[in-house]
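Take a look at the structure set out below.
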Amino acid sequence: MSKKALITGITGMVGSHLADYILDNTDWEIYGVCRWRSPMDNVEHLLDKVNKKDRVYFEYADLNDQISLITVMQKVKPDYIFHLAAQSYPKTSFDSPIDTLNTNILGTCRLLEAVRATADCDPIIHVCASSEVFGRVKKEKLPINEECTFHPASPYAISKVGTDLLGRYYAEAYGMTVMTTRMFTHTGPRRGDVFAESTFAKQIAMIEKGLIPPIVKTGNLESLRTYADVRDAVRAYFLLVTQNPIAGEYYNIGGTYTCMVRDMLDTLLSFSPMKDQITVETDPERLRPIDADLQVPDCSKFKEHTGWEPEISFETTMLDLLNYWRDRVNKGEVFLTR
């Protein structure tokens with residue numbers, strides 16, 4: 001009998017790529033949790049399977065509705081849970097801190113309680129925290145290992161500290177097989193346009209099409225980031241739950257290419273035939289009140305445990321992201337210029 005994987009946040013960038021990976025590499029059935037109003041852009045290619053009930057099923061629930069989560073858990077009784085759903089935009093969290101804390105901390109608690117409330121359900125659970133939990137790290141602590149002190153720099157980061165600690169608590173208190181990851185910057189096709197590299201790529205694609213003036217608007221370009229490809233990230237998540245999962249463990253996961261945000265933008269611009277005509281301009285509205293500006297991971301613990309290594313180059317990731325936006329722009333889609 002096929003295993004069942006439950007993915008919260010399946011309509012997001014990571015959730016949709018994880019579904020693709022599981023479909024291509026297993027015979028598992030996939031149950032994607034989404035809200036009735038969730039956009040379907042990232043999973044459009046899966047909708048035929050959903051309609052035909054061919055290995056992919058959508059279950060409607062909300063992290064802020066305990067009953068809906070219990071209903072889904074009792075219906076599916078999954079073998080694996082990938083908890084990816086969240087209010088995931090750090091800058092938005094400054095404007096909506098209560099919603100962020102409620103969705104990410106209490107939503108995770110509600111999900112884990114729904115598992116506890118379901119008879120004959122003992123899944124292997126991946127709780128997705130974030131490298132943002134480390135926040136403002138001193139240079140002498142780079143690269144960041146798992147024991148680095150938390151110093152969150154946004155309500156989003158604070159919410160992910162709570163998410164992280166809840167995962168370990170439920171493993172230790174109730175014997176549940178829960179593992180937590182702190183994934184560092186990961187990107188690629190389907191990345192939301194509120195994130196730096198994706199809004200840069202979208203702006204470049206719109207400039208090339210003549211839709212906006214040849215100016216890329218940016219926030220802080222001086223942050224140091226280590227980049228991974230989302231397709232490498234979901235492979236890591238799969239290995240997390242299938243390679244000797246250890247209840248209560250927590251892992252840093254990230255890429256190997258480190259650069260300033262400014263250098264990342266320069267890489268994207270280098271792919272454009274209009275690179276010599278495009279200027280860069282700081283937009284004060286894109287700046288965070290406080291920033292986690294040193295995000296360089298030590299991933300040796302996870303690599304030693306699973307054998308995972310990132311395989312996709314930084315340049316390939318950035319070009320694929322730019323081409324993703326070029327395709328959408330060429331289809332005539334209309335976007336907010338954010």
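FYI, nothing fancy with the structure tokens labels: chains A, B, ... in order, residues from 1 per chain, ligands from 1 as they appear.
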
Review point. What residues in segment 147-306 of chain A get the DSSP label alpha helix (DSSP H)? Please answer as a ChimeraX atom specification.
Key: /A:155-174,196-208,230-242,261-270,300-306

Exercise for review: Can you check which residues of segment 4-237 of chain A DSSP gives as strand (DSSP E) on the backbone and send them as an NGL selection string?
Suggested key: :A and (4-8 or 29-34 or 56-60 or 80-83 or 124-128 or 177-183 or 186-187 or 215-218 or 224-229)

Taking only residues of segment 55-146 of chain A that have an atom at most 10 Å from an atom of segment 191-208 of chain A, what is each one's shortest atom pair and its distance in Å to one decimal, using only C-alpha atoms, in chain and number order, as a Markdown table?
| residue | atom | partner | partner_atom | distance |
| --- | --- | --- | --- | --- |
| A:Ser88 | CA | A:Gly192 | CA | 9.8 |
| A:Tyr89 | CA | A:Val194 | CA | 7.2 |
| A:Pro90 | CA | A:Phe195 | CA | 9.0 |
| A:Lys91 | CA | A:Val194 | CA | 8.4 |
| A:Thr92 | CA | A:Val194 | CA | 8.9 |

Same residues, C-alpha atoms, output as a PDB file, in the first residue's frame:
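Ended up saving to out.pdb:
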ATOM      1  CA  SER A  88       6.236  33.537   5.240  1.00  0.00           C
ATOM      2  CA  TYR A  89       7.019  37.149   4.329  1.00  0.00           C
ATOM      3  CA  PRO A  90       9.343  38.816   6.875  1.00  0.00           C
ATOM      4  CA  LYS A  91       8.567  42.377   5.756  1.00  0.00           C
ATOM      5  CA  THR A  92       4.800  41.778   5.917  1.00  0.00           C
TER       6      THR A  92
END

Exercise for review: Point out the residue among A:Asp266, A:Asp54, A:Asp24, A:Asp229 with the least atom-to-atom distance to Gly254 of chain A, counting only C-alpha atoms.
Suggested key: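 Ranked by minimum distance to Gly254 of chain A, first place goes to A:Asp229.
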
Review point. Which one is closest to Thr103 of chain A: A:Phe134, A:Tyr80, A:Tyr60, A:Tyr156? Count only C-alpha atoms.
Key: A:Tyr156

Exercise for review: Could you check which of A:Leu221, A:Ile22, A:Leu265, A:Val43 is closest to Met318 of chain A, using only C-alpha atoms?
Suggested key: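 Counting only C-alpha atoms, the residue closest to Met318 of chain A is A:Leu265.
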
Practice item. Could you give me, as number ranges by chain, the residues within 10 Å of Leu166 of chain A, counting only C-alpha atoms and dropping anything in the same chain fewer than 6 positions from it? Key: A: 105-106, 108-109, 112, 127, 129, 160, 172, 178, 180, 248

How would the residues just picked look written out with all heavy atoms as a PDB file, in the first residue's frame?
ATOM      1  N   ILE A 105       2.918  30.247  14.947  1.00  0.00           N
ATOM      2  CA  ILE A 105       3.136  29.552  16.221  1.00  0.00           C
ATOM      3  C   ILE A 105       1.902  28.737  16.604  1.00  0.00           C
ATOM      4  O   ILE A 105       1.962  27.507  16.728  1.00  0.00           O
ATOM      5  CB  ILE A 105       3.487  30.542  17.346  1.00  0.00           C
ATOM      6  CG1 ILE A 105       4.779  31.305  17.007  1.00  0.00           C
ATOM      7  CG2 ILE A 105       3.679  29.787  18.661  1.00  0.00           C
ATOM      8  CD1 ILE A 105       5.163  32.350  18.033  1.00  0.00           C
ATOM      9  N   LEU A 106       0.769  29.415  16.767  1.00  0.00           N
ATOM     10  CA  LEU A 106      -0.432  28.689  17.181  1.00  0.00           C
ATOM     11  C   LEU A 106      -0.905  27.732  16.091  1.00  0.00           C
ATOM     12  O   LEU A 106      -1.439  26.661  16.393  1.00  0.00           O
ATOM     13  CB  LEU A 106      -1.536  29.674  17.557  1.00  0.00           C
ATOM     14  CG  LEU A 106      -1.237  30.568  18.769  1.00  0.00           C
ATOM     15  CD1 LEU A 106      -2.452  31.431  19.100  1.00  0.00           C
ATOM     16  CD2 LEU A 106      -0.834  29.738  19.974  1.00  0.00           C
ATOM     17  N   THR A 108       1.001  25.998  14.089  1.00  0.00           N
ATOM     18  CA  THR A 108       1.815  24.788  14.237  1.00  0.00           C
ATOM     19  C   THR A 108       1.344  23.970  15.425  1.00  0.00           C
ATOM     20  O   THR A 108       1.242  22.735  15.355  1.00  0.00           O
ATOM     21  CB  THR A 108       3.296  25.165  14.403  1.00  0.00           C
ATOM     22  OG1 THR A 108       3.738  25.864  13.232  1.00  0.00           O
ATOM     23  CG2 THR A 108       4.167  23.928  14.600  1.00  0.00           C
ATOM     24  N   CYS A 109       1.022  24.638  16.527  1.00  0.00           N
ATOM     25  CA  CYS A 109       0.511  23.951  17.708  1.00  0.00           C
ATOM     26  C   CYS A 109      -0.804  23.243  17.383  1.00  0.00           C
ATOM     27  O   CYS A 109      -1.006  22.074  17.770  1.00  0.00           O
ATOM     28  CB  CYS A 109       0.323  24.951  18.844  1.00  0.00           C
ATOM     29  SG  CYS A 109      -0.155  24.203  20.413  1.00  0.00           S
ATOM     30  N   LEU A 112      -0.084  20.061  15.322  1.00  0.00           N
ATOM     31  CA  LEU A 112       0.482  18.973  16.108  1.00  0.00           C
ATOM     32  C   LEU A 112      -0.552  18.400  17.085  1.00  0.00           C
ATOM     33  O   LEU A 112      -0.577  17.189  17.343  1.00  0.00           O
ATOM     34  CB  LEU A 112       1.729  19.456  16.837  1.00  0.00           C
ATOM     35  CG  LEU A 112       2.895  19.846  15.906  1.00  0.00           C
ATOM     36  CD1 LEU A 112       4.035  20.471  16.700  1.00  0.00           C
ATOM     37  CD2 LEU A 112       3.391  18.649  15.104  1.00  0.00           C
ATOM     38  N   VAL A 127       8.744  19.847  10.625  1.00  0.00           N
ATOM     39  CA  VAL A 127       8.308  21.208  10.934  1.00  0.00           C
ATOM     40  C   VAL A 127       9.340  22.164  10.355  1.00  0.00           C
ATOM     41  O   VAL A 127      10.525  22.106  10.689  1.00  0.00           O
ATOM     42  CB  VAL A 127       8.156  21.421  12.451  1.00  0.00           C
ATOM     43  CG1 VAL A 127       7.986  22.901  12.772  1.00  0.00           C
ATOM     44  CG2 VAL A 127       6.953  20.642  12.978  1.00  0.00           C
ATOM     45  N   ALA A 129      11.020  25.474  10.206  1.00  0.00           N
ATOM     46  CA  ALA A 129      11.290  26.763  10.843  1.00  0.00           C
ATOM     47  C   ALA A 129      12.005  27.640   9.813  1.00  0.00           C
ATOM     48  O   ALA A 129      11.625  27.657   8.641  1.00  0.00           O
ATOM     49  CB  ALA A 129      12.095  26.584  12.125  1.00  0.00           C
ATOM     50  N   LYS A 160       8.955  32.042  13.952  1.00  0.00           N
ATOM     51  CA  LYS A 160       9.648  30.819  13.573  1.00  0.00           C
ATOM     52  C   LYS A 160      10.469  30.253  14.738  1.00  0.00           C
ATOM     53  O   LYS A 160      10.736  29.051  14.780  1.00  0.00           O
ATOM     54  CB  LYS A 160      10.516  31.056  12.340  1.00  0.00           C
ATOM     55  CG  LYS A 160       9.715  31.116  11.043  1.00  0.00           C
ATOM     56  CD  LYS A 160       8.976  29.805  10.796  1.00  0.00           C
ATOM     57  CE  LYS A 160       8.262  29.763   9.464  1.00  0.00           C
ATOM     58  NZ  LYS A 160       7.619  28.459   9.200  1.00  0.00           N
ATOM     59  N   GLU A 172       9.758  15.685  22.397  1.00  0.00           N
ATOM     60  CA  GLU A 172      10.238  15.310  23.725  1.00  0.00           C
ATOM     61  C   GLU A 172       9.099  15.003  24.690  1.00  0.00           C
ATOM     62  O   GLU A 172       9.203  14.085  25.520  1.00  0.00           O
ATOM     63  CB  GLU A 172      11.116  16.440  24.273  1.00  0.00           C
ATOM     64  CG  GLU A 172      12.409  16.631  23.482  1.00  0.00           C
ATOM     65  CD  GLU A 172      13.176  17.871  23.897  1.00  0.00           C
ATOM     66  OE1 GLU A 172      12.683  18.603  24.792  1.00  0.00           O
ATOM     67  OE2 GLU A 172      14.258  18.123  23.330  1.00  0.00           O
ATOM     68  N   VAL A 178       9.050  14.204  15.374  1.00  0.00           N
ATOM     69  CA  VAL A 178       9.050  15.542  14.790  1.00  0.00           C
ATOM     70  C   VAL A 178      10.492  16.006  14.647  1.00  0.00           C
ATOM     71  O   VAL A 178      11.282  15.905  15.585  1.00  0.00           O
ATOM     72  CB  VAL A 178       8.287  16.556  15.671  1.00  0.00           C
ATOM     73  CG1 VAL A 178       8.194  17.908  14.963  1.00  0.00           C
ATOM     74  CG2 VAL A 178       6.904  16.033  16.025  1.00  0.00           C
ATOM     75  N   THR A 180      12.876  19.384  12.996  1.00  0.00           N
ATOM     76  CA  THR A 180      12.773  20.795  12.626  1.00  0.00           C
ATOM     77  C   THR A 180      13.939  21.176  11.721  1.00  0.00           C
ATOM     78  O   THR A 180      15.071  20.760  11.956  1.00  0.00           O
ATOM     79  CB  THR A 180      12.801  21.676  13.885  1.00  0.00           C
ATOM     80  OG1 THR A 180      11.755  21.273  14.760  1.00  0.00           O
ATOM     81  CG2 THR A 180      12.629  23.136  13.529  1.00  0.00           C
ATOM     82  N   GLY A 248      12.974  14.882  17.448  1.00  0.00           N
ATOM     83  CA  GLY A 248      13.509  15.995  18.214  1.00  0.00           C
ATOM     84  C   GLY A 248      14.731  16.653  17.622  1.00  0.00           C
ATOM     85  O   GLY A 248      15.204  17.666  18.144  1.00  0.00           O
TER      86      GLY A 248
END

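Reported to one decimal place, the separation of atom CA of Val280 of chain A from atom CA of Arg338 of chain A is 14.3 Å.
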
Exercise for review: Report the distance between atom CA of Leu18 of chain A and atom CA of His45 of chain A in Å, rounded to one decimal place.
Suggested key: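 Separation of atom CA of Leu18 of chain A and atom CA of His45 of chain A: 13.3 Å.
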